[in-house]
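Printed here is data-v9.txt (compact mmCIF, C-alpha atoms):
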# COMPACT_ATOMS: atom_id res chain seq x y z
CA MET S 1 88.78 14.76 73.06
CA TYR S 2 88.46 14.42 69.28
CA GLU S 3 91.70 12.66 68.39
CA ILE S 4 90.35 9.21 67.59
CA LEU S 5 87.42 10.64 65.66
CA LEU S 6 89.63 12.78 63.44
CA GLU S 7 92.05 9.89 62.99
CA LYS S 8 89.30 7.54 61.89
CA VAL S 9 87.80 10.12 59.53
CA ALA S 10 91.25 10.79 58.03
CA GLU S 11 91.50 7.10 57.10
CA LYS S 12 88.75 7.67 54.55
CA VAL S 13 88.59 11.39 53.77
CA SER S 14 91.04 14.25 54.12
CA LEU S 15 89.83 17.23 56.15
CA THR S 16 91.38 20.70 56.16
CA THR S 17 92.22 22.33 59.49
CA ALA S 18 89.16 24.57 59.17
CA GLU S 19 86.96 21.55 58.48
CA GLU S 20 88.36 19.78 61.54
CA GLU S 21 87.43 22.80 63.62
CA ILE S 22 83.86 22.82 62.27
CA THR S 23 83.63 19.10 63.01
CA ARG S 24 84.57 19.65 66.64
CA THR S 25 81.78 22.15 67.14
CA LEU S 26 79.10 19.76 65.90
CA PHE S 27 79.82 16.86 68.24
CA ILE S 28 78.73 16.75 71.89
CA PRO S 29 81.41 15.45 74.26
CA LYS S 30 79.79 13.12 76.78
CA LYS S 31 81.28 11.00 79.51
CA ILE S 32 79.26 8.01 80.60
CA ARG S 33 79.74 5.57 83.46
CA LYS S 34 79.77 1.80 83.35
CA LYS S 35 76.21 0.45 83.16
CA GLN S 36 74.70 3.87 82.43
CA TYR S 37 72.19 3.94 79.60
CA LEU S 38 72.81 6.00 76.50
CA LEU S 39 69.47 4.91 75.06
CA GLN S 40 66.57 2.87 76.36
CA GLN S 41 64.06 0.97 74.29
CA GLU S 42 61.08 3.15 73.28
CA ASP S 43 63.06 6.39 73.58
CA ILE S 44 63.63 8.33 70.39
CA CYS S 45 67.31 7.96 69.54
CA LYS S 46 68.61 11.51 69.34
CA ASN S 47 72.26 10.86 68.66
CA LEU S 48 74.79 8.83 66.75
CA ALA S 49 77.63 8.03 69.14
CA PHE S 50 81.33 7.76 68.40
CA ILE S 51 83.50 6.06 71.02
CA GLU S 52 86.70 7.95 71.83
CA LYS S 53 87.35 5.74 74.81
CA GLY S 54 85.59 2.76 76.33
CA VAL S 55 83.08 0.12 75.24
CA LEU S 56 79.34 0.28 74.59
CA ARG S 57 76.82 -2.36 73.61
CA SER S 58 73.44 -2.38 71.97
CA TYR S 59 70.94 -5.10 72.82
CA THR S 60 67.33 -6.14 73.08
CA ILE S 61 65.61 -7.94 75.91
CA ASN S 62 63.34 -10.77 74.82
CA GLU S 63 60.13 -12.01 76.45
CA THR S 64 61.99 -14.28 78.87
CA GLY S 65 64.17 -11.37 80.01
CA THR S 66 67.28 -12.55 78.20
CA GLU S 67 69.56 -9.91 76.77
CA GLN S 68 70.49 -10.39 73.13
CA ILE S 69 73.43 -8.29 72.07
CA LEU S 70 73.39 -6.81 68.59
CA GLN S 71 76.63 -4.87 68.71
CA LEU S 72 79.64 -4.53 70.96
CA ALA S 73 81.33 -1.26 70.03
CA LEU S 74 84.93 -0.46 70.93
CA GLU S 75 87.07 2.66 70.64
CA GLY S 76 86.92 4.16 67.20
CA HIS S 77 83.53 2.66 66.47
CA TRP S 78 80.09 4.17 65.99
CA ILE S 79 76.96 2.97 67.74
CA THR S 80 73.32 3.94 67.56
CA ASP S 81 69.84 2.58 66.95
CA MET S 82 70.01 3.42 63.26
CA TYR S 83 66.31 2.95 62.56
CA SER S 84 65.30 5.22 65.43
CA PHE S 85 68.02 7.77 64.68
CA ILE S 86 67.01 8.18 61.05
CA SER S 87 63.23 7.83 61.34
CA GLN S 88 62.99 9.47 64.77
CA GLU S 89 60.62 6.71 65.85
CA PRO S 90 60.91 4.79 69.13
CA ALA S 91 64.06 2.73 69.51
CA GLY S 92 64.02 -1.04 69.48
CA TYR S 93 67.38 -1.29 71.19
CA ASN S 94 68.97 -0.42 74.49
CA ILE S 95 72.48 1.00 74.47
CA ASP S 96 74.60 1.06 77.60
CA ALA S 97 78.22 1.33 78.65
CA VAL S 98 80.19 -1.81 79.38
CA GLU S 99 82.88 0.32 81.02
CA ASP S 100 83.37 4.04 81.75
CA SER S 101 83.46 5.70 78.35
CA GLU S 102 84.06 8.98 76.57
CA LEU S 103 81.75 9.60 73.64
CA LEU S 104 81.22 12.14 70.91
CA LEU S 105 77.53 12.44 70.09
CA ILE S 106 76.07 13.99 66.98
CA SER S 107 72.40 14.81 66.73
CA HIS S 108 70.10 14.21 63.80
CA GLN S 109 70.10 17.94 63.07
CA ALA S 110 73.84 18.39 63.51
CA ILE S 111 74.75 15.57 61.14
CA GLU S 112 72.68 17.18 58.39
CA GLU S 113 74.55 20.40 59.08
CA LEU S 114 77.82 18.46 58.94
CA TYR S 115 76.93 17.05 55.51
CA GLU S 116 75.90 20.50 54.32
CA ARG S 117 79.03 22.30 55.49
CA ILE S 118 81.54 19.52 54.82
CA PRO S 119 80.25 17.40 51.92
CA LYS S 120 83.25 15.05 52.37
CA PHE S 121 81.33 13.52 55.26
CA GLU S 122 78.73 12.22 52.83
CA ARG S 123 81.50 10.02 51.44
CA TYR S 124 82.75 9.03 54.88
CA PHE S 125 79.34 7.91 56.16
CA ARG S 126 78.43 6.35 52.83
CA ILE S 127 81.45 4.07 53.15
CA LEU S 128 80.51 3.19 56.74
CA GLY S 129 76.92 2.60 55.66
CA GLN S 130 78.08 0.24 52.89
CA ASN S 131 80.22 -1.74 55.32
CA ASN S 132 77.31 -1.94 57.70
CA ILE S 133 75.00 -3.38 55.04
CA LEU S 134 77.63 -5.95 54.03
CA ALA S 135 78.06 -7.01 57.64
CA LEU S 136 74.31 -7.32 58.14
CA GLN S 137 73.95 -9.36 54.97
CA LYS S 138 76.66 -11.71 56.19
CA ARG S 139 74.87 -12.12 59.48
CA LEU S 140 71.61 -12.96 57.75
CA LYS S 141 73.36 -15.81 55.87
CA VAL S 142 74.35 -17.54 59.09
CA ARG S 143 72.04 -20.40 59.96
CA MET K 1 61.92 9.80 77.63
CA ALA K 2 62.90 6.80 79.70
CA THR K 3 66.64 7.38 79.81
CA LYS K 4 67.59 9.34 82.89
CA GLN K 5 69.12 12.70 82.08
CA THR K 6 72.15 14.02 83.92
CA ILE K 7 72.07 17.61 85.11
CA ALA K 8 75.19 19.39 86.38
CA ILE K 9 74.60 22.25 88.80
CA ILE K 10 77.66 24.50 88.85
CA GLY K 11 77.68 26.46 92.09
CA ALA K 12 75.40 23.94 93.78
CA ALA K 13 76.49 24.92 97.27
CA GLU K 14 75.60 28.59 96.88
CA SER K 15 72.17 29.90 97.87
CA ILE K 16 70.42 29.68 94.50
CA GLY K 17 72.27 26.46 93.70
CA ILE K 18 71.15 24.87 96.95
CA ALA K 19 67.51 25.74 96.26
CA ILE K 20 67.71 24.38 92.70
CA SER K 21 69.51 21.21 93.79
CA LYS K 22 66.88 20.44 96.41
CA LYS K 23 64.03 21.04 93.98
CA LEU K 24 65.54 18.85 91.27
CA ALA K 25 66.50 16.09 93.70
CA SER K 26 62.87 14.98 93.73
CA GLY K 27 62.81 14.77 89.94
CA PRO K 28 63.78 12.01 87.49
CA TYR K 29 67.38 13.18 87.11
CA ARG K 30 70.88 12.22 88.02
CA LEU K 31 72.41 15.35 89.53
CA LEU K 32 76.06 16.35 89.54
CA LEU K 33 76.47 18.92 92.30
CA MET K 34 79.57 20.99 91.73
CA GLY K 35 81.02 23.48 94.18
CA GLU K 36 84.35 24.68 95.41
CA ASN K 37 83.55 24.13 99.06
CA ILE K 38 83.47 20.41 99.81
CA LEU K 39 82.05 20.96 103.30
CA ALA K 40 79.11 22.94 101.98
CA LEU K 41 78.57 20.21 99.38
CA ARG K 42 78.53 17.55 102.07
CA ASP K 43 75.93 19.55 104.01
CA LEU K 44 73.81 19.75 100.87
CA GLU K 45 74.25 16.01 100.35
CA ALA K 46 73.00 15.31 103.86
CA ASP K 47 70.01 17.64 103.44
CA ILE K 48 68.99 16.03 100.17
CA LEU K 49 69.31 12.46 101.46
CA ALA K 50 67.29 13.33 104.53
CA LYS K 51 64.41 14.41 102.32
CA TYR K 52 64.82 12.22 99.24
CA MET K 53 66.44 8.89 100.04
CA GLN K 54 66.12 7.78 96.43
CA ALA K 55 67.84 10.83 94.98
CA GLU K 56 70.63 10.01 92.58
CA PHE K 57 73.45 12.50 92.71
CA GLU K 58 77.19 12.95 93.06
CA LEU K 59 79.45 15.66 94.40
CA PHE K 60 82.04 17.31 92.16
CA ILE K 61 84.83 19.80 92.79
CA CYS K 62 85.79 20.04 89.13
CA PRO K 63 83.43 21.98 86.84
CA GLN K 64 84.95 20.47 83.68
CA GLU K 65 84.31 16.89 84.80
CA ALA K 66 80.79 17.76 85.88
CA CYS K 67 80.00 19.39 82.54
CA TRP K 68 81.56 16.54 80.60
CA GLU K 69 79.19 14.01 82.17
CA ALA K 70 76.15 16.23 82.02
CA ASP K 71 73.39 16.39 79.42
CA ILE K 72 72.17 19.72 80.81
CA ILE K 73 74.25 22.30 82.68
CA ILE K 74 72.89 24.84 85.15
CA VAL K 75 75.23 27.71 86.00
CA THR K 76 74.48 29.63 89.16
CA VAL K 77 77.65 31.57 89.87
CA GLY K 78 77.30 35.32 89.53
CA GLU K 79 78.25 37.39 86.51
CA LEU K 80 81.72 38.16 87.76
CA GLY K 81 82.60 34.53 87.95
CA ASN K 82 81.26 33.72 84.53
CA ALA K 83 84.02 34.55 82.05
CA GLY K 84 86.65 32.48 83.82
CA LEU K 85 84.25 29.61 84.37
CA CYS K 86 83.05 29.72 80.77
CA SER K 87 86.51 29.32 79.31
CA LYS K 88 86.98 26.28 81.57
CA ILE K 89 83.75 24.54 80.69
CA ARG K 90 83.37 25.64 77.08
CA PRO K 91 84.89 22.51 75.48
CA TYR K 92 82.71 20.23 77.61
CA ALA K 93 79.52 22.19 77.04
CA THR K 94 79.50 22.00 73.23
CA GLY K 95 76.04 21.21 71.94
CA LYS K 96 74.54 21.10 75.42
CA VAL K 97 71.79 23.13 77.01
CA VAL K 98 73.28 25.61 79.47
CA ILE K 99 70.82 27.26 81.83
CA SER K 100 71.92 30.49 83.43
CA ILE K 101 70.17 32.39 86.18
CA ALA K 102 70.01 36.05 85.27
CA ASP K 103 68.58 39.41 86.12
CA PRO K 104 66.02 40.52 83.58
CA GLY K 105 67.20 43.15 81.11
CA SER K 106 70.85 42.40 81.73
CA ASP K 107 73.39 41.95 78.97
CA ALA K 108 74.90 39.00 80.79
CA LEU K 109 72.85 36.51 78.79
CA ALA K 110 73.95 37.66 75.36
CA ALA K 111 77.48 37.83 76.72
CA LEU K 112 77.18 34.27 78.00
CA GLN K 113 76.03 33.01 74.62
CA LYS K 114 79.11 34.66 73.11
CA LEU K 115 81.37 32.95 75.67
CA LEU K 116 79.73 29.60 74.93
CA PRO K 117 79.02 29.91 71.22
CA TYR K 118 78.33 26.22 70.64
CA SER K 119 76.08 25.70 73.63
CA LYS K 120 72.37 26.35 73.73
CA VAL K 121 72.12 29.04 76.36
CA ILE K 122 68.79 29.51 78.09
CA SER K 123 68.26 32.13 80.72
CA LEU K 124 66.09 31.72 83.75
CA LEU K 125 64.96 35.12 84.90
CA LYS K 126 65.23 35.26 88.64
CA SER K 127 63.23 38.34 89.42
CA PRO K 128 60.59 39.47 89.48
CA VAL K 129 58.95 36.11 89.97
CA ASP K 130 55.36 36.11 88.92
CA ARG K 131 52.79 34.25 90.89
CA ASP K 132 49.87 32.63 89.20
CA ASP K 133 46.99 34.11 91.18
CA ASP K 134 44.63 31.18 90.70
CA ASN K 135 46.83 28.53 92.22
CA GLY K 136 49.65 30.46 93.80
CA ASN K 137 52.09 28.58 91.61
CA VAL K 138 55.38 30.23 90.87
CA ILE K 139 55.96 31.02 87.21
CA ILE K 140 59.52 31.13 85.98
CA ARG K 141 60.34 33.06 82.87
CA ILE K 142 62.78 31.57 80.41
CA ALA K 143 64.39 33.02 77.31
CA GLY K 144 66.58 31.57 74.61
CA ASN K 145 67.17 31.15 70.89
CA ASP K 146 66.85 27.40 70.45
CA ALA K 147 63.34 25.92 70.35
CA ASP K 148 64.39 22.41 71.41
CA ALA K 149 66.44 23.78 74.27
CA LEU K 150 63.49 25.86 75.49
CA THR K 151 61.30 22.74 75.46
CA THR K 152 63.92 20.79 77.40
CA VAL K 153 64.22 23.53 80.01
CA ALA K 154 60.43 23.84 80.32
CA HIS K 155 60.39 20.09 81.13
CA VAL K 156 63.06 20.44 83.77
CA ILE K 157 61.20 23.33 85.38
CA GLY K 158 57.98 21.33 85.26
CA ASN K 159 59.69 18.41 87.01
CA ALA K 160 60.92 20.80 89.68
CA GLY K 161 57.31 21.70 90.40
CA PHE K 162 57.06 25.06 88.67
CA ARG K 163 55.43 26.48 85.59
CA SER K 164 57.45 28.23 82.94
CA VAL K 165 56.71 30.92 80.42
CA ILE K 166 58.86 31.60 77.38
CA THR K 167 59.50 35.29 77.13
CA GLY K 168 61.45 35.34 73.90
CA ASP K 169 64.87 35.31 72.37
CA LEU K 170 68.10 35.97 74.19
CA LEU K 171 69.37 38.45 71.68

Have the structure of the file written as structure tokens, please.
Amino acid sequence: MYEILLEKVAEKVSLTTAEEEITRTLFIPKKIRKKQYLLQQEDICKNLAFIEKGVLRSYTINETGTEQILQLALEGHWITDMYSFISQEPAGYNIDAVEDSELLLISHQAIEELYERIPKFERYFRILGQNNILALQKRLKVR
Amino acid sequence: MATKQTIAIIGAAESIGIAISKKLASGPYRLLLMGENILALRDLEADILAKYMQAEFELFICPQEACWEADIIIVTVGELGNAGLCSKIRPYATGKVVISIADPGSDALAALQKLLPYSKVISLLKSPVDRDDDNGNVIIRIAGNDADALTTVAHVIGNAGFRSVITGDLL
């Protein structure tokens, strides 16, 4: 259930066996069906999701009812409404499954515990955060 | 919260499970009804659909699969069944609220929390059931260590049409 997660983490930081075990206990394994919602607009986003298997997407629905996709996340990727997850304010995005998926969810509280107990994760998520900002900046340049 | 929560009821086709399943079928949940007896499950399915056509639920034989898809897990099998069941569902119940029906004053609850160390175990005390004299509403007593989990369970009980009272910690 945690293979892809640990593989992806190992690409950036090296965990001991004990640290891998702690990691497993802080993530919630969750199976979700195609078209099921992980998050709906206006909910408070409780979890950051890692995709072990499957495909999820995050999107908004504009005034005319058109869906505008922000992110299509595949296996080995993370997806969440970052603003809502960090601020614990209502989400601006919907997140649902494009196909049946297996996820590992980590709550706001659990990720702080993860950082506390395994400081290497600060580095891991800092690198992901950096990449995210670069990607967003690139998107903003596009006319 | 707008997103529909998924509740797995392990032992749905047994007497307490049947009662819980029927009560929750009217609520805003997707139910995963798990039992070993497929015929009893099908009877339950028919009963629920007869009363609540809009109910969203699915039948499961496998407790692991049911727990994997669930946000909240309700365990109704008796104490004797628990240890074996717990080792099966433990990996899929990590971080999730697990509601167990228990006799008050029993050690089973603390034992259950030990068997599922990474789940948030909440006990629902099945007897005695207090009645609120003013309205005749049934009050269900719940106990557990995790504040968020207690709030979640209080919501579920509220949606089932009951009132709940938090009696304290598990341990």

Item to check | Interface list for chain K, partner chain S, 12 Å threshold, only C-alpha atoms, as a PyMOL selection string | outcome: chain K and resi 1-6+30+64-72+89-97+116-120+148

Checklist entry - Could you name the residues that touch Ala10 in chain S at 12 Å or less, counting all atoms listed in the file, but leaving out those on the same chain fewer than 2 positions away, as a PyMOL selection string? => result chain S and resi 3-8+12-17+19-20+120-121+123-124

Filtering to C-alpha atoms, could you give me those residues as a PDB file, in the coordinates of the input?
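The resulting again19.pdb:
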ATOM      1  CA  GLU S   3      91.700  12.660  68.390  1.00  0.00           C
ATOM      2  CA  ILE S   4      90.350   9.210  67.590  1.00  0.00           C
ATOM      3  CA  LEU S   5      87.420  10.640  65.660  1.00  0.00           C
ATOM      4  CA  LEU S   6      89.630  12.780  63.440  1.00  0.00           C
ATOM      5  CA  GLU S   7      92.050   9.890  62.990  1.00  0.00           C
ATOM      6  CA  LYS S   8      89.300   7.540  61.890  1.00  0.00           C
ATOM      7  CA  LYS S  12      88.750   7.670  54.550  1.00  0.00           C
ATOM      8  CA  VAL S  13      88.590  11.390  53.770  1.00  0.00           C
ATOM      9  CA  SER S  14      91.040  14.250  54.120  1.00  0.00           C
ATOM     10  CA  LEU S  15      89.830  17.230  56.150  1.00  0.00           C
ATOM     11  CA  THR S  16      91.380  20.700  56.160  1.00  0.00           C
ATOM     12  CA  THR S  17      92.220  22.330  59.490  1.00  0.00           C
ATOM     13  CA  GLU S  19      86.960  21.550  58.480  1.00  0.00           C
ATOM     14  CA  GLU S  20      88.360  19.780  61.540  1.00  0.00           C
ATOM     15  CA  LYS S 120      83.250  15.050  52.370  1.00  0.00           C
ATOM     16  CA  PHE S 121      81.330  13.520  55.260  1.00  0.00           C
ATOM     17  CA  ARG S 123      81.500  10.020  51.440  1.00  0.00           C
ATOM     18  CA  TYR S 124      82.750   9.030  54.880  1.00  0.00           C
TER      19      TYR S 124
END

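The spacing separating CA of Lys46 in chain S from CA of Thr151 in chain K amounts to 14.7 Å.
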
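Take CA of Gly65 in chain S and CA of Asp96 in chain S: the distance between them is 16.4 Å.
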
Item to check | Within 12 Å of file point (77.4, -3.5, 78.7), counting all atoms listed in the file, expressed as number ranges by chain | outcome: S: 32-38, 54-60, 67-74, 94-101

Store the residues picked out above, limited to C-alpha atoms, as a PDB file, keeping the file's coordinate frame.
ATOM      1  CA  ILE S  32      79.260   8.010  80.600  1.00  0.00           C
ATOM      2  CA  ARG S  33      79.740   5.570  83.460  1.00  0.00           C
ATOM      3  CA  LYS S  34      79.770   1.800  83.350  1.00  0.00           C
ATOM      4  CA  LYS S  35      76.210   0.450  83.160  1.00  0.00           C
ATOM      5  CA  GLN S  36      74.700   3.870  82.430  1.00  0.00           C
ATOM      6  CA  TYR S  37      72.190   3.940  79.600  1.00  0.00           C
ATOM      7  CA  LEU S  38      72.810   6.000  76.500  1.00  0.00           C
ATOM      8  CA  GLY S  54      85.590   2.760  76.330  1.00  0.00           C
ATOM      9  CA  VAL S  55      83.080   0.120  75.240  1.00  0.00           C
ATOM     10  CA  LEU S  56      79.340   0.280  74.590  1.00  0.00           C
ATOM     11  CA  ARG S  57      76.820  -2.360  73.610  1.00  0.00           C
ATOM     12  CA  SER S  58      73.440  -2.380  71.970  1.00  0.00           C
ATOM     13  CA  TYR S  59      70.940  -5.100  72.820  1.00  0.00           C
ATOM     14  CA  THR S  60      67.330  -6.140  73.080  1.00  0.00           C
ATOM     15  CA  GLU S  67      69.560  -9.910  76.770  1.00  0.00           C
ATOM     16  CA  GLN S  68      70.490 -10.390  73.130  1.00  0.00           C
ATOM     17  CA  ILE S  69      73.430  -8.290  72.070  1.00  0.00           C
ATOM     18  CA  LEU S  70      73.390  -6.810  68.590  1.00  0.00           C
ATOM     19  CA  GLN S  71      76.630  -4.870  68.710  1.00  0.00           C
ATOM     20  CA  LEU S  72      79.640  -4.530  70.960  1.00  0.00           C
ATOM     21  CA  ALA S  73      81.330  -1.260  70.030  1.00  0.00           C
ATOM     22  CA  LEU S  74      84.930  -0.460  70.930  1.00  0.00           C
ATOM     23  CA  ASN S  94      68.970  -0.420  74.490  1.00  0.00           C
ATOM     24  CA  ILE S  95      72.480   1.000  74.470  1.00  0.00           C
ATOM     25  CA  ASP S  96      74.600   1.060  77.600  1.00  0.00           C
ATOM     26  CA  ALA S  97      78.220   1.330  78.650  1.00  0.00           C
ATOM     27  CA  VAL S  98      80.190  -1.810  79.380  1.00  0.00           C
ATOM     28  CA  GLU S  99      82.880   0.320  81.020  1.00  0.00           C
ATOM     29  CA  ASP S 100      83.370   4.040  81.750  1.00  0.00           C
ATOM     30  CA  SER S 101      83.460   5.700  78.350  1.00  0.00           C
TER      31      SER S 101
END

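For the choices K:Ala8, K:Ala111, K:Ile101, K:Ile139, the atom-to-atom distance to Thr76 in chain K is smallest for K:Ile101 when using all atoms listed in the file.
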
Checklist entry - Hey, which of K:Ala147, K:Leu115, K:Ile74, K:Met53 ends up closest to Ile20 in chain K? Count all atoms listed in the file. => result K:Ile74

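Of the listed residues S:Leu104, S:Met82, S:Val9, S:Ala135, the one whose atoms come nearest to Phe50 in chain S is S:Leu104, with distances taken using all atoms listed in the file.
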
Could you add whatever atoms are missing so that range 35-47 of chain S carries N, CA and C atoms, then write the result as a PDB file, keeping the file's coordinate frame?
ATOM      1  N   LYS S  35      77.609   0.833  82.933  1.00  0.00           N
ATOM      2  CA  LYS S  35      76.210   0.450  83.160  1.00  0.00           C
ATOM      3  C   LYS S  35      75.198   1.580  82.945  1.00  0.00           C
ATOM      4  N   GLN S  36      75.645   2.787  82.713  1.00  0.00           N
ATOM      5  CA  GLN S  36      74.700   3.870  82.430  1.00  0.00           C
ATOM      6  C   GLN S  36      74.110   3.674  81.048  1.00  0.00           C
ATOM      7  N   TYR S  37      72.839   4.030  80.900  1.00  0.00           N
ATOM      8  CA  TYR S  37      72.190   3.940  79.600  1.00  0.00           C
ATOM      9  C   TYR S  37      72.513   5.140  78.747  1.00  0.00           C
ATOM     10  N   LEU S  38      72.757   4.908  77.460  1.00  0.00           N
ATOM     11  CA  LEU S  38      72.810   6.000  76.500  1.00  0.00           C
ATOM     12  C   LEU S  38      71.422   6.126  75.874  1.00  0.00           C
ATOM     13  N   LEU S  39      70.786   4.968  75.702  1.00  0.00           N
ATOM     14  CA  LEU S  39      69.470   4.910  75.060  1.00  0.00           C
ATOM     15  C   LEU S  39      68.697   3.753  75.651  1.00  0.00           C
ATOM     16  N   GLN S  40      67.408   3.985  75.923  1.00  0.00           N
ATOM     17  CA  GLN S  40      66.570   2.870  76.360  1.00  0.00           C
ATOM     18  C   GLN S  40      65.504   2.617  75.321  1.00  0.00           C
ATOM     19  N   GLN S  41      65.109   1.371  75.218  1.00  0.00           N
ATOM     20  CA  GLN S  41      64.060   0.970  74.290  1.00  0.00           C
ATOM     21  C   GLN S  41      62.860   1.891  74.443  1.00  0.00           C
ATOM     22  N   GLU S  42      62.255   2.264  73.317  1.00  0.00           N
ATOM     23  CA  GLU S  42      61.080   3.150  73.280  1.00  0.00           C
ATOM     24  C   GLU S  42      61.430   4.638  73.326  1.00  0.00           C
ATOM     25  N   ASP S  43      62.630   4.992  73.714  1.00  0.00           N
ATOM     26  CA  ASP S  43      63.060   6.390  73.580  1.00  0.00           C
ATOM     27  C   ASP S  43      63.250   6.681  72.096  1.00  0.00           C
ATOM     28  N   ILE S  44      63.220   7.955  71.745  1.00  0.00           N
ATOM     29  CA  ILE S  44      63.630   8.330  70.390  1.00  0.00           C
ATOM     30  C   ILE S  44      65.137   8.514  70.438  1.00  0.00           C
ATOM     31  N   CYS S  45      65.857   7.852  69.534  1.00  0.00           N
ATOM     32  CA  CYS S  45      67.310   7.960  69.540  1.00  0.00           C
ATOM     33  C   CYS S  45      67.725   9.307  68.951  1.00  0.00           C
ATOM     34  N   LYS S  46      68.297  10.161  69.787  1.00  0.00           N
ATOM     35  CA  LYS S  46      68.610  11.510  69.340  1.00  0.00           C
ATOM     36  C   LYS S  46      69.992  11.627  68.713  1.00  0.00           C
ATOM     37  N   ASN S  47      70.873  10.687  69.052  1.00  0.00           N
ATOM     38  CA  ASN S  47      72.260  10.860  68.660  1.00  0.00           C
ATOM     39  C   ASN S  47      72.906   9.612  68.082  1.00  0.00           C
TER      40      ASN S  47
END
